[in-house]
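Chemist: Sharing a structure, written as structure tokens. Questions coming.
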Amino acid sequence: MQALPSQPKTVSYFAKELSWLSFNERVLQEAKDSSNPIIERIRFLGIFSNNLDEFFQVRVADVKRRVLLNNLPNTNFDEDEALLSQINQKVLQLGKKFTHIHQQILSDLEKYHIHLSRPQELSEFHQTWLKRYFEDQVLPNMSPMLLIESKDYSDNMNDTMTYLFVHMNGEKQHYALLEVPTDRLARFVQLPPERSRRQKHIVMLDDIVQFFLRDVFNSFFHFDSIEGYAIKLTRDAEYNLDDEIEEGLLDKMSKGLKQRLYAEPVRLVYDESMPEEMLKVMKKRLGVTHQDALIPGGRYRNFRDFIAFPNVGRRHLENKPLPPLQSQAFKHHESVFSAISEQDILLYYPYHTFNHLLEYVRQAAFDPHVTQIKVNIYRVASNSRMVASLINAAKNGKHVTVMVELKARFDEQNNIEWAKRLSEAGIKVMVGIPALKVHSKLCVIHRREKGKIIKYAHIGTGNFHEKTAKIYTDFSLFTKHQDICEECDSVFRFIESSYRPFHFEHLMISPLNARDRILDLIDQEMKHAEQGKIARITIKINNLVDKQLVDKLYFAARLGVKVRIIVRGMCALVPGLPRFSENIKVISIVDRFLEHPRVMVFENLGHPLVFISSADWMTRNLDHRVEVGVPIYSEELKQLIIDILELQFRDRTKARIIDAEQKNQYVRRGNRKKIRSQIAIYDHLKKWESNKSSL
């Protein structure tokens with residue numbers, strides 16, 4: 001057996017929380033990148049802010065819970081206190097970068113005659129227009145909460161909203177919370193042209209409220225001066241469900257969501273220009289006692305609304321649209337079932353149109369030969385065409401089974417409503433397995449053909465969500481391979497009767513066999529490396545933090561297996577350590593589309609084994625969720641996936657190197673062609689489909 005290189009004294013792992021912040025820094029790089037269209041840059045600020053909100057709701061909240069547990073006997077979470085300090089330092093560092101980039105973008109916007117103006121900077125004409133707008137539209141939506149000293153008002157705050165903390169100074173001191181009604185009014189108000197239509201003026205709703213703040217209160221209070229500063233509260237997104245048997249799961253979920261409204265605050269961001277005395281009062285009124293939950297920031301909160309920043313200028317100020325491609329495999333057939341009968345079909349969104357998947361379900365809903373439809377829902381659009389087709393299928397007498405994951409974080413309320421609506425339509429609704437989230441992306445259709453039931457299956461890496469399919473990259477496989485389809489059917493039986501034994505030969509199923517299958521595939525490459533043969537592993541993943549798999553990759557790399565990884569978000573693995581992980585190369589790509597698919601390629605002595613999966617390499621995905629990975633058996637589709645991955649490894653525009661210092665440096669171009677992989681992939685798929693149309 002080949003001798004292993006000596007191991008370093010300590011094995012390094014990135015803390016997943018710090019690794020995640022490194023990912024969000026890559027998002028911030030896109031906002032800074034002047035080669036991006038200016039409107040896209042400001043939208044990246046919104047994405048960064050939205051990400052950070054969720055980071056505090058989930059990741060930081062979890063660390064803080066562990067810190068609190070350290071006060072209990074026989075516990076040791078000392079490392080988490082140090083981690084929390086590191087998180088706060090990094091967040092403050094990123095906050096300073098954010099403020100600088102935001103100011104630069106505002107300056108750059110003016111070069112295109114777009115002005116994000118404050119009311120006091122406007123002409124008399126525009127101030128008069130704003131006065132009418134405030135009285136007609138804004139003031140009717142104002143509902144101040146007056147604060148008295150003996151009450152904690154944090155329970156009255158919605159963590160999706162921005163508030164102004166208001167101080168009225170006169171003979172008596174009055175304090176109030178004023179919600180900025182961005183759920184009812186546009187956050188960005190475009191002003192009418194005054195002289196030149198070329199000049200575009202936009203005013204933030206926050207600034208309109210502040211400018212006319214006196215008019216909100218002066219009918220009821222006497223004060224000499226009034227001031228308001230933006231604040232935003234973020235809560236722990238976790239919630240607990242009790243075990244009362246007599247209470248239905250939907251009721252438990254609703255109760256859990258209400259608990260979230262009163263959960264422990266994990267962050268209060270405030271305008272750093274707020275006077276010190278006012279800050280003390282705010283902390284007391286809102287019951288924020290932990291200093292690490294207080295984060296000073298700029299004038300505006302809820303920057304996530306900037307995701308929808310309007311383009312009031314010319315089209316070139318945002319990304320040029322990439323028209324979604326038609327799959328020739330589907331286009332050449334009258335029905336989706338005849339198309340899938342001829343060959344396995346692979347789609348890659350958003351490059352391919354999502355309509356093919358919607359058509360798969362729509363046709364099944366009224367096809368007289370279809371007898372059953374089974375699908376699992378994790379996230380769907382608010383006006384889901386897929387759900388409409390499922391309801392139509394039930395009306396047409398099909399047996400429809402829908403697994404609705406009620407615990408899909410931040411989509412719980414939507415999914416509760418969908419579960420009720422589907423049940424009312426006569427559809428069999430399953431709500432999962434206790435302690436396991438169902439995160440797979442399956443849709444199985446039973447169809448009677450020549451007197452026999454033939455099954456069709458969709459296995460994907462992304463959700464059945466029309467909106468996100470336009471911005472998330474994801475694979476969808478459609479197959480009539482009866483063994484695979486039967487195993488997909490068994491996944492639904494497992495969800496319904498998880499106590500029964502199930503055997504899966506083709507599919508990787510979490511929590512049943514996925515971990516063992518992945519470890520076995522890595523072992524196989526290690527064996528080939530020991531034999532002096534070429535051994536390679538290529539992985540594309542969202543998050544890589546499971547330490548058993550990380551250790552396995554370290555071990556494989558030390559044996560000579562070449563490991564290449566594309567990771568979008570968290571990566572606990574530290575690549576490039578001498579004599580330890582120098583055979584591991586990791587890059588990350590952040591661009592106009594969110595990289596979302598999970599793909600595994602094992603060299604297998606020149607006969608690659610290729611898998612797509614719904615599962616990240618995280619302990620929760622492998623051990624605590626129902627996930628499905630599927631092998632790609634078509635040689636043509638295998639090569640297509642490999643070609644797509646190779647284009648990403650050749651990216652010299654949006655690819656960053658993940659290294660031991662988490663510097664997020666761009667992959668150097670050198671003498672190589674400047675490739676932007678997402679555009680190159682679109683061109684590749686367009687040519688691929690064009691070649692198929694000519695056959």
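By convention here, the chains of the structure tokens are called A, B, ... in the order presented, each chain's residues are numbered starting at 1, and ligands are numbered starting at 1 in the order presented.
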Can you pull out every residue within 9 Å of range 469-474 of chain A, counting only C-alpha atoms, but drop anything in the same chain fewer than 4 positions away, and send it as an NGL selection string?

Modeler: :A and (324 or 347-351 or 353-354 or 460-465 or 592-598)

Chemist: So that I can check the surroundings of Val166 in chain A, please list as a list in words every protein, DNA and RNA residue that reaches within 7 Å of it, counting only C-alpha atoms and ignoring chain neighbours fewer than 4 positions away.

Modeler: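 So, after excluding close chain neighbours, the residues are Tyr175, Ala176, Leu177, Glu227, Gly228 and Tyr229 of chain A.
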
Chemist: Emit the selected residues as a CSV table (one decimal), in the first residue's frame, including all heavy atoms.

Modeler:
chain,number,residue,atom,x,y,z
A,175,TYR,N,-41.7,58.9,23.0
A,175,TYR,CA,-41.1,58.0,22.1
A,175,TYR,C,-42.1,57.2,21.3
A,175,TYR,O,-43.1,56.8,21.9
A,175,TYR,CB,-40.1,57.1,22.8
A,175,TYR,CG,-38.9,57.9,23.4
A,175,TYR,CD1,-38.9,58.4,24.7
A,175,TYR,CD2,-37.8,58.2,22.6
A,175,TYR,CE1,-37.9,59.1,25.2
A,175,TYR,CE2,-36.7,58.9,23.2
A,175,TYR,CZ,-36.8,59.3,24.5
A,175,TYR,OH,-35.7,60.0,25.0
A,176,ALA,N,-41.8,56.9,20.1
A,176,ALA,CA,-42.7,56.0,19.3
A,176,ALA,C,-42.0,55.2,18.3
A,176,ALA,O,-40.8,55.5,17.9
A,176,ALA,CB,-43.7,57.0,18.6
A,177,LEU,N,-42.6,54.1,17.9
A,177,LEU,CA,-42.1,53.3,16.8
A,177,LEU,C,-43.0,53.5,15.6
A,177,LEU,O,-44.3,53.4,15.8
A,177,LEU,CB,-42.2,51.8,17.2
A,177,LEU,CG,-41.0,51.2,17.9
A,177,LEU,CD1,-41.3,49.7,18.3
A,177,LEU,CD2,-39.7,51.3,17.1
A,227,GLU,N,-37.3,63.8,15.9
A,227,GLU,CA,-36.3,63.2,15.1
A,227,GLU,C,-36.6,61.7,15.0
A,227,GLU,O,-37.2,61.1,16.0
A,227,GLU,CB,-34.9,63.4,15.6
A,227,GLU,CG,-34.8,63.1,17.1
A,227,GLU,CD,-33.5,63.5,17.7
A,227,GLU,OE1,-32.5,63.8,16.9
A,227,GLU,OE2,-33.4,63.6,19.0
A,228,GLY,N,-36.3,61.0,13.9
A,228,GLY,CA,-36.5,59.6,13.8
A,228,GLY,C,-35.3,58.9,13.1
A,228,GLY,O,-34.7,59.5,12.2
A,229,TYR,N,-35.0,57.8,13.5
A,229,TYR,CA,-33.8,57.0,13.0
A,229,TYR,C,-34.2,55.6,12.7
A,229,TYR,O,-35.0,55.0,13.4
A,229,TYR,CB,-32.7,57.0,14.0
A,229,TYR,CG,-32.1,58.4,14.3
A,229,TYR,CD1,-32.7,59.2,15.3
A,229,TYR,CD2,-31.1,58.9,13.6
A,229,TYR,CE1,-32.2,60.4,15.6
A,229,TYR,CE2,-30.6,60.2,13.8
A,229,TYR,CZ,-31.2,61.0,14.9
A,229,TYR,OH,-30.7,62.2,15.1

Chemist: Considering only alpha helix (DSSP H) as DSSP defines it on the backbone, what residues of range 187-393 of chain A qualify? List them as a PyMOL selection string.

Modeler: chain A and resi 205-211+213-217+249-261+276-286+328-331+336-342+355-366+385-393

Chemist: Please provide as a list in words all residues within 9 Å of Ser613 in chain A, with the sequence filter that same-chain residues fewer than 5 positions apart are discarded (counting only C-alpha atoms).

Modeler: Ser440, Lys441, Ile459, Gly460, Thr461, Phe475, Met508, Pro597, Arg598, Val599, Met600, Glu627, Val628, Gly629, Val630 and Pro631 of chain A

Chemist: Keeping only C-alpha atoms, write the selected residues as a compact mmCIF listing (two decimals), in the first residue's frame.

Modeler:
# COMPACT_ATOMS: atom_id res chain seq x y z
CA SER A 440 -36.27 15.82 -2.71
CA LYS A 441 -37.59 17.11 -6.06
CA ILE A 459 -35.78 14.00 -10.53
CA GLY A 460 -34.31 17.45 -10.03
CA THR A 461 -31.87 19.54 -8.03
CA PHE A 475 -30.88 20.29 -13.46
CA MET A 508 -29.00 7.79 -3.54
CA PRO A 597 -27.33 22.24 -8.58
CA ARG A 598 -25.55 19.40 -6.82
CA VAL A 599 -23.46 17.23 -9.12
CA MET A 600 -20.91 14.45 -8.54
CA GLU A 627 -33.03 13.70 -0.43
CA VAL A 628 -32.73 11.97 -3.79
CA GLY A 629 -29.72 11.64 -6.07
CA VAL A 630 -29.94 9.93 -9.44
CA PRO A 631 -27.27 8.45 -11.73

Chemist: Skipping near chain neighbours, those fewer than 5 positions away, what residues fall within 12 Å of Ser107 in chain A using only C-alpha atoms, listed as a list in words?

Modeler: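 Result of the neighbour search: Ile38, Ile42, His100, Ile101, His102, Tyr112, His113, Ile114, His115, Leu116 and Ser117 of chain A.
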
Chemist: Atoms to include: N, CA, C and O atoms. Write the selected residues as an mmCIF file, in the first residue's frame.

Modeler:
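Dumped everything to again11.cif:
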data_model
loop_
_atom_site.group_PDB
_atom_site.id
_atom_site.type_symbol
_atom_site.label_atom_id
_atom_site.label_comp_id
_atom_site.auth_asym_id
_atom_site.auth_seq_id
_atom_site.Cartn_x
_atom_site.Cartn_y
_atom_site.Cartn_z
ATOM 1 N N ILE A 38 -25.027 48.855 -13.866
ATOM 2 C CA ILE A 38 -25.194 49.599 -12.617
ATOM 3 C C ILE A 38 -26.431 49.165 -11.831
ATOM 4 O O ILE A 38 -26.392 49.059 -10.600
ATOM 5 N N ILE A 42 -26.609 47.490 -7.841
ATOM 6 C CA ILE A 42 -27.395 47.908 -6.670
ATOM 7 C C ILE A 42 -28.300 46.764 -6.205
ATOM 8 O O ILE A 42 -28.568 46.610 -5.009
ATOM 9 N N HIS A 100 -19.373 51.779 1.806
ATOM 10 C CA HIS A 100 -18.511 52.398 0.795
ATOM 11 C C HIS A 100 -19.011 52.085 -0.608
ATOM 12 O O HIS A 100 -19.089 52.974 -1.469
ATOM 13 N N ILE A 101 -19.364 50.823 -0.851
ATOM 14 C CA ILE A 101 -19.831 50.422 -2.186
ATOM 15 C C ILE A 101 -21.159 51.094 -2.496
ATOM 16 O O ILE A 101 -21.400 51.547 -3.624
ATOM 17 N N HIS A 102 -22.026 51.173 -1.508
ATOM 18 C CA HIS A 102 -23.322 51.833 -1.702
ATOM 19 C C HIS A 102 -23.133 53.286 -2.127
ATOM 20 O O HIS A 102 -23.776 53.763 -3.078
ATOM 21 N N TYR A 112 -25.613 58.205 -15.075
ATOM 22 C CA TYR A 112 -26.669 57.788 -16.000
ATOM 23 C C TYR A 112 -27.945 58.594 -15.779
ATOM 24 O O TYR A 112 -29.029 58.182 -16.192
ATOM 25 N N HIS A 113 -27.813 59.743 -15.081
ATOM 26 C CA HIS A 113 -28.921 60.684 -14.864
ATOM 27 C C HIS A 113 -30.015 60.081 -13.989
ATOM 28 O O HIS A 113 -31.189 60.437 -14.118
ATOM 29 N N ILE A 114 -29.626 59.162 -13.106
ATOM 30 C CA ILE A 114 -30.552 58.593 -12.129
ATOM 31 C C ILE A 114 -30.115 59.078 -10.760
ATOM 32 O O ILE A 114 -28.975 58.860 -10.344
ATOM 33 N N HIS A 115 -31.002 59.731 -10.063
ATOM 34 C CA HIS A 115 -30.667 60.371 -8.787
ATOM 35 C C HIS A 115 -31.514 59.768 -7.673
ATOM 36 O O HIS A 115 -32.745 59.860 -7.707
ATOM 37 N N LEU A 116 -30.867 59.133 -6.714
ATOM 38 C CA LEU A 116 -31.556 58.664 -5.514
ATOM 39 C C LEU A 116 -31.460 59.808 -4.507
ATOM 40 O O LEU A 116 -30.447 59.974 -3.817
ATOM 41 N N SER A 117 -32.509 60.602 -4.460
ATOM 42 C CA SER A 117 -32.449 61.898 -3.771
ATOM 43 C C SER A 117 -33.176 61.863 -2.438
ATOM 44 O O SER A 117 -34.110 61.072 -2.226
#

Chemist: Excluding Asp623 in chain A and residues on its chain fewer than 5 positions from it, collect all residues at most 9 Å away from it, counting only C-alpha atoms, and give them as a list in words.

Modeler: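 Close residues of Asp623 in chain A: Leu436, Ser510, Pro511, Leu512, Ala514, Arg515 and Met618 of chain A.
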
Chemist: Would you write out those residues with C-alpha atoms, as a PDB file, in the first residue's frame?

Modeler:
ATOM      1  CA  LEU A 436     -37.050  14.588   8.706  1.00  0.00           C
ATOM      2  CA  SER A 510     -30.961  10.309   2.372  1.00  0.00           C
ATOM      3  CA  PRO A 511     -31.037   9.237   5.126  1.00  0.00           C
ATOM      4  CA  LEU A 512     -30.968   5.601   3.949  1.00  0.00           C
ATOM      5  CA  ALA A 514     -26.646   8.352   0.338  1.00  0.00           C
ATOM      6  CA  ARG A 515     -23.785   8.766   2.799  1.00  0.00           C
ATOM      7  CA  MET A 618     -24.152  18.699   5.037  1.00  0.00           C
TER       8      MET A 618
END

Chemist: Have a look at A:Glu661, A:Gln639, A:Ile231, A:Val586 and name the one nearest to Phe611 in chain A; count only C-alpha atoms.

Modeler: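 That would be A:Gln639, the residue with the smallest distance to Phe611 in chain A.
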
Chemist: Which one is closest to Ile522 in chain A: A:Ile509, A:Val667, A:Val563, A:Ala572? Count only C-alpha atoms.

Modeler: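 Between A:Ile509, A:Val667, A:Val563, A:Ala572, the residue approaching Ile522 in chain A most closely is A:Val563.
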
Chemist: Tell me, as a VMD selection string, which residues lie within 9 Å of Thr182 in chain A, counting only C-alpha atoms; anything in the same chain fewer than 4 positions away does not count.

Modeler: chain A and resid 161 to 162 186 to 187 205 to 206 305

Chemist: If you count only C-alpha atoms, which residues fall within 8 Å of Cys485 in chain A, apart from same-chain ones fewer than 2 positions away, as a PyMOL selection string?

Modeler: chain A and resi 444+455-457+479-483+487-489

Chemist: How would the residues just chosen look if you wrote them out with N, CA, C and O atoms as a short mmCIF file (atom, residue, chain, number, x, y, z; two decimals), in the first residue's frame?

Modeler:
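See result.cif below for the written result:
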data_model
loop_
_atom_site.label_atom_id
_atom_site.label_comp_id
_atom_site.auth_asym_id
_atom_site.auth_seq_id
_atom_site.Cartn_x
_atom_site.Cartn_y
_atom_site.Cartn_z
N VAL A 444 -43.64 11.76 -9.98
CA VAL A 444 -43.81 10.46 -10.62
C VAL A 444 -45.22 10.38 -11.20
O VAL A 444 -46.20 10.74 -10.54
N LYS A 455 -44.39 3.86 -15.66
CA LYS A 455 -44.11 5.01 -14.80
C LYS A 455 -43.09 5.95 -15.45
O LYS A 455 -42.15 5.50 -16.12
N TYR A 456 -43.31 7.22 -15.23
CA TYR A 456 -42.41 8.28 -15.68
C TYR A 456 -41.97 9.06 -14.44
O TYR A 456 -42.75 9.23 -13.50
N ALA A 457 -40.75 9.56 -14.46
CA ALA A 457 -40.26 10.28 -13.27
C ALA A 457 -39.48 11.53 -13.66
O ALA A 457 -38.79 11.56 -14.67
N THR A 479 -37.20 10.73 -17.06
CA THR A 479 -36.82 9.38 -17.48
C THR A 479 -38.01 8.43 -17.41
O THR A 479 -38.95 8.62 -16.62
N LYS A 480 -37.93 7.41 -18.28
CA LYS A 480 -38.88 6.30 -18.27
C LYS A 480 -38.18 5.01 -17.84
O LYS A 480 -38.76 3.93 -17.94
N HIS A 481 -36.94 5.13 -17.39
CA HIS A 481 -36.19 3.97 -16.90
C HIS A 481 -37.00 3.34 -15.76
O HIS A 481 -37.13 3.92 -14.67
N GLN A 482 -37.58 2.16 -16.00
CA GLN A 482 -38.57 1.63 -15.07
C GLN A 482 -38.00 1.31 -13.69
O GLN A 482 -38.70 1.46 -12.68
N ASP A 483 -36.75 0.89 -13.61
CA ASP A 483 -36.16 0.63 -12.29
C ASP A 483 -36.04 1.93 -11.50
O ASP A 483 -36.35 1.97 -10.30
N GLU A 487 -38.15 3.07 -8.11
CA GLU A 487 -37.49 3.52 -6.88
C GLU A 487 -37.98 4.91 -6.47
O GLU A 487 -38.12 5.19 -5.27
N CYS A 488 -38.26 5.77 -7.44
CA CYS A 488 -38.84 7.08 -7.12
C CYS A 488 -40.20 6.90 -6.46
O CYS A 488 -40.54 7.59 -5.49
N ASP A 489 -40.98 5.95 -6.98
CA ASP A 489 -42.27 5.63 -6.36
C ASP A 489 -42.08 5.15 -4.93
O ASP A 489 -42.86 5.49 -4.03
#

Chemist: With 9 Å as the cut-off and only C-alpha atoms counted, what is the closest atom pair between each nearby residue of range 102-160 of chain A and range 282-302 of chain A? Distances in Å to one decimal, ordered by chain and number, as a Markdown table.

Modeler:
| residue | atom | partner | partner_atom | distance |
| --- | --- | --- | --- | --- |
| A:Leu147 | CA | A:Arg285 | CA | 7.2 |
| A:Ile148 | CA | A:Arg285 | CA | 7.8 |
| A:Glu149 | CA | A:Arg285 | CA | 6.6 |
| A:Ser150 | CA | A:Arg285 | CA | 8.0 |
| A:Lys151 | CA | A:Arg285 | CA | 6.7 |
| A:Asp152 | CA | A:Leu286 | CA | 5.3 |
| A:Tyr153 | CA | A:Leu286 | CA | 5.1 |
| A:Ser154 | CA | A:Leu286 | CA | 4.7 |
| A:Asp155 | CA | A:Leu286 | CA | 8.3 |
| A:Thr160 | CA | A:Asn302 | CA | 7.7 |

Chemist: Would you mind exporting the chosen residues as a PDB file, in the first residue's frame, restricted to N, CA, C and O atoms?

Modeler:
ATOM      1  N   LEU A 147     -44.623  54.510  22.881  1.00  0.00           N
ATOM      2  CA  LEU A 147     -43.869  53.678  23.813  1.00  0.00           C
ATOM      3  C   LEU A 147     -43.956  54.229  25.225  1.00  0.00           C
ATOM      4  O   LEU A 147     -43.664  55.406  25.466  1.00  0.00           O
ATOM      5  N   ILE A 148     -44.353  53.351  26.146  1.00  0.00           N
ATOM      6  CA  ILE A 148     -44.328  53.714  27.557  1.00  0.00           C
ATOM      7  C   ILE A 148     -43.217  52.933  28.226  1.00  0.00           C
ATOM      8  O   ILE A 148     -42.813  51.857  27.769  1.00  0.00           O
ATOM      9  N   GLU A 149     -42.733  53.451  29.340  1.00  0.00           N
ATOM     10  CA  GLU A 149     -41.486  52.954  29.917  1.00  0.00           C
ATOM     11  C   GLU A 149     -41.589  51.533  30.436  1.00  0.00           C
ATOM     12  O   GLU A 149     -40.626  50.784  30.410  1.00  0.00           O
ATOM     13  N   SER A 150     -42.753  51.110  30.862  1.00  0.00           N
ATOM     14  CA  SER A 150     -42.847  49.830  31.561  1.00  0.00           C
ATOM     15  C   SER A 150     -43.038  48.627  30.643  1.00  0.00           C
ATOM     16  O   SER A 150     -43.173  47.506  31.115  1.00  0.00           O
ATOM     17  N   LYS A 151     -43.030  48.823  29.340  1.00  0.00           N
ATOM     18  CA  LYS A 151     -43.349  47.731  28.427  1.00  0.00           C
ATOM     19  C   LYS A 151     -42.212  47.451  27.453  1.00  0.00           C
ATOM     20  O   LYS A 151     -41.517  48.357  27.007  1.00  0.00           O
ATOM     21  N   ASP A 152     -42.019  46.148  27.120  1.00  0.00           N
ATOM     22  CA  ASP A 152     -41.049  45.735  26.106  1.00  0.00           C
ATOM     23  C   ASP A 152     -41.783  45.650  24.770  1.00  0.00           C
ATOM     24  O   ASP A 152     -42.716  44.860  24.619  1.00  0.00           O
ATOM     25  N   TYR A 153     -41.356  46.453  23.801  1.00  0.00           N
ATOM     26  CA  TYR A 153     -42.084  46.550  22.537  1.00  0.00           C
ATOM     27  C   TYR A 153     -41.493  45.693  21.423  1.00  0.00           C
ATOM     28  O   TYR A 153     -42.004  45.705  20.306  1.00  0.00           O
ATOM     29  N   SER A 154     -40.443  44.958  21.716  1.00  0.00           N
ATOM     30  CA  SER A 154     -39.836  44.162  20.648  1.00  0.00           C
ATOM     31  C   SER A 154     -40.808  43.124  20.106  1.00  0.00           C
ATOM     32  O   SER A 154     -40.745  42.739  18.931  1.00  0.00           O
ATOM     33  N   ASP A 155     -41.749  42.644  20.981  1.00  0.00           N
ATOM     34  CA  ASP A 155     -42.716  41.653  20.523  1.00  0.00           C
ATOM     35  C   ASP A 155     -43.681  42.212  19.488  1.00  0.00           C
ATOM     36  O   ASP A 155     -44.350  41.453  18.789  1.00  0.00           O
ATOM     37  N   THR A 160     -39.533  41.594   9.211  1.00  0.00           N
ATOM     38  CA  THR A 160     -39.414  41.823   7.768  1.00  0.00           C
ATOM     39  C   THR A 160     -39.539  43.302   7.423  1.00  0.00           C
ATOM     40  O   THR A 160     -39.417  43.674   6.249  1.00  0.00           O
TER      41      THR A 160
END

Chemist: Rank nothing, just name the residue among A:Asn513, A:Ser123, A:Asn311, A:Gln548 nearest to Pro192 in chain A, using only C-alpha atoms.

Modeler: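 Checking each of A:Asn513, A:Ser123, A:Asn311, A:Gln548 against Pro192 in chain A, counting only C-alpha atoms, the winner is A:Ser123.
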
Chemist: One number please: CA of Ser327 in chain A to CA of Asp651 in chain A, in Å, one decimal.

Modeler: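 Distance between the two atoms: 25.2 Å.
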
Chemist: Closest to Glu30 in chain A among A:Tyr666, A:Tyr499, A:Trp617, A:Trp688, using only C-alpha atoms?

Modeler: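 For Glu30 in chain A, the nearest of the candidates is A:Tyr666.
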
Chemist: Which residue out of A:Glu135, A:Asp215, A:Asp591, A:Asp236 has the minimum interatomic distance to Val60 in chain A when only C-alpha atoms are used?

Modeler: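 Of all the options, A:Asp236 lies closest to Val60 in chain A.
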
Chemist: Nearest to His126 in chain A: which of A:Val189, A:Val63, A:Ile679, A:Leu279 is it, counting only C-alpha atoms?

Modeler: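 So, comparing all the options, the nearest one is A:Val189.
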
Chemist: To one decimal place in Å, what is the distance between CA of His356 in chain A and CA of Ser677 in chain A?

Modeler: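 Atom-to-atom, CA of His356 in chain A and CA of Ser677 in chain A are spaced 24.0 Å apart.
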
Chemist: Go ahead and compute the interatomic distance for CA of Leu325 in chain A and CA of His684 in chain A, in Å to one decimal.

Modeler: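 Value for the CA of Leu325 in chain A-CA of His684 in chain A distance: 11.2 Å.
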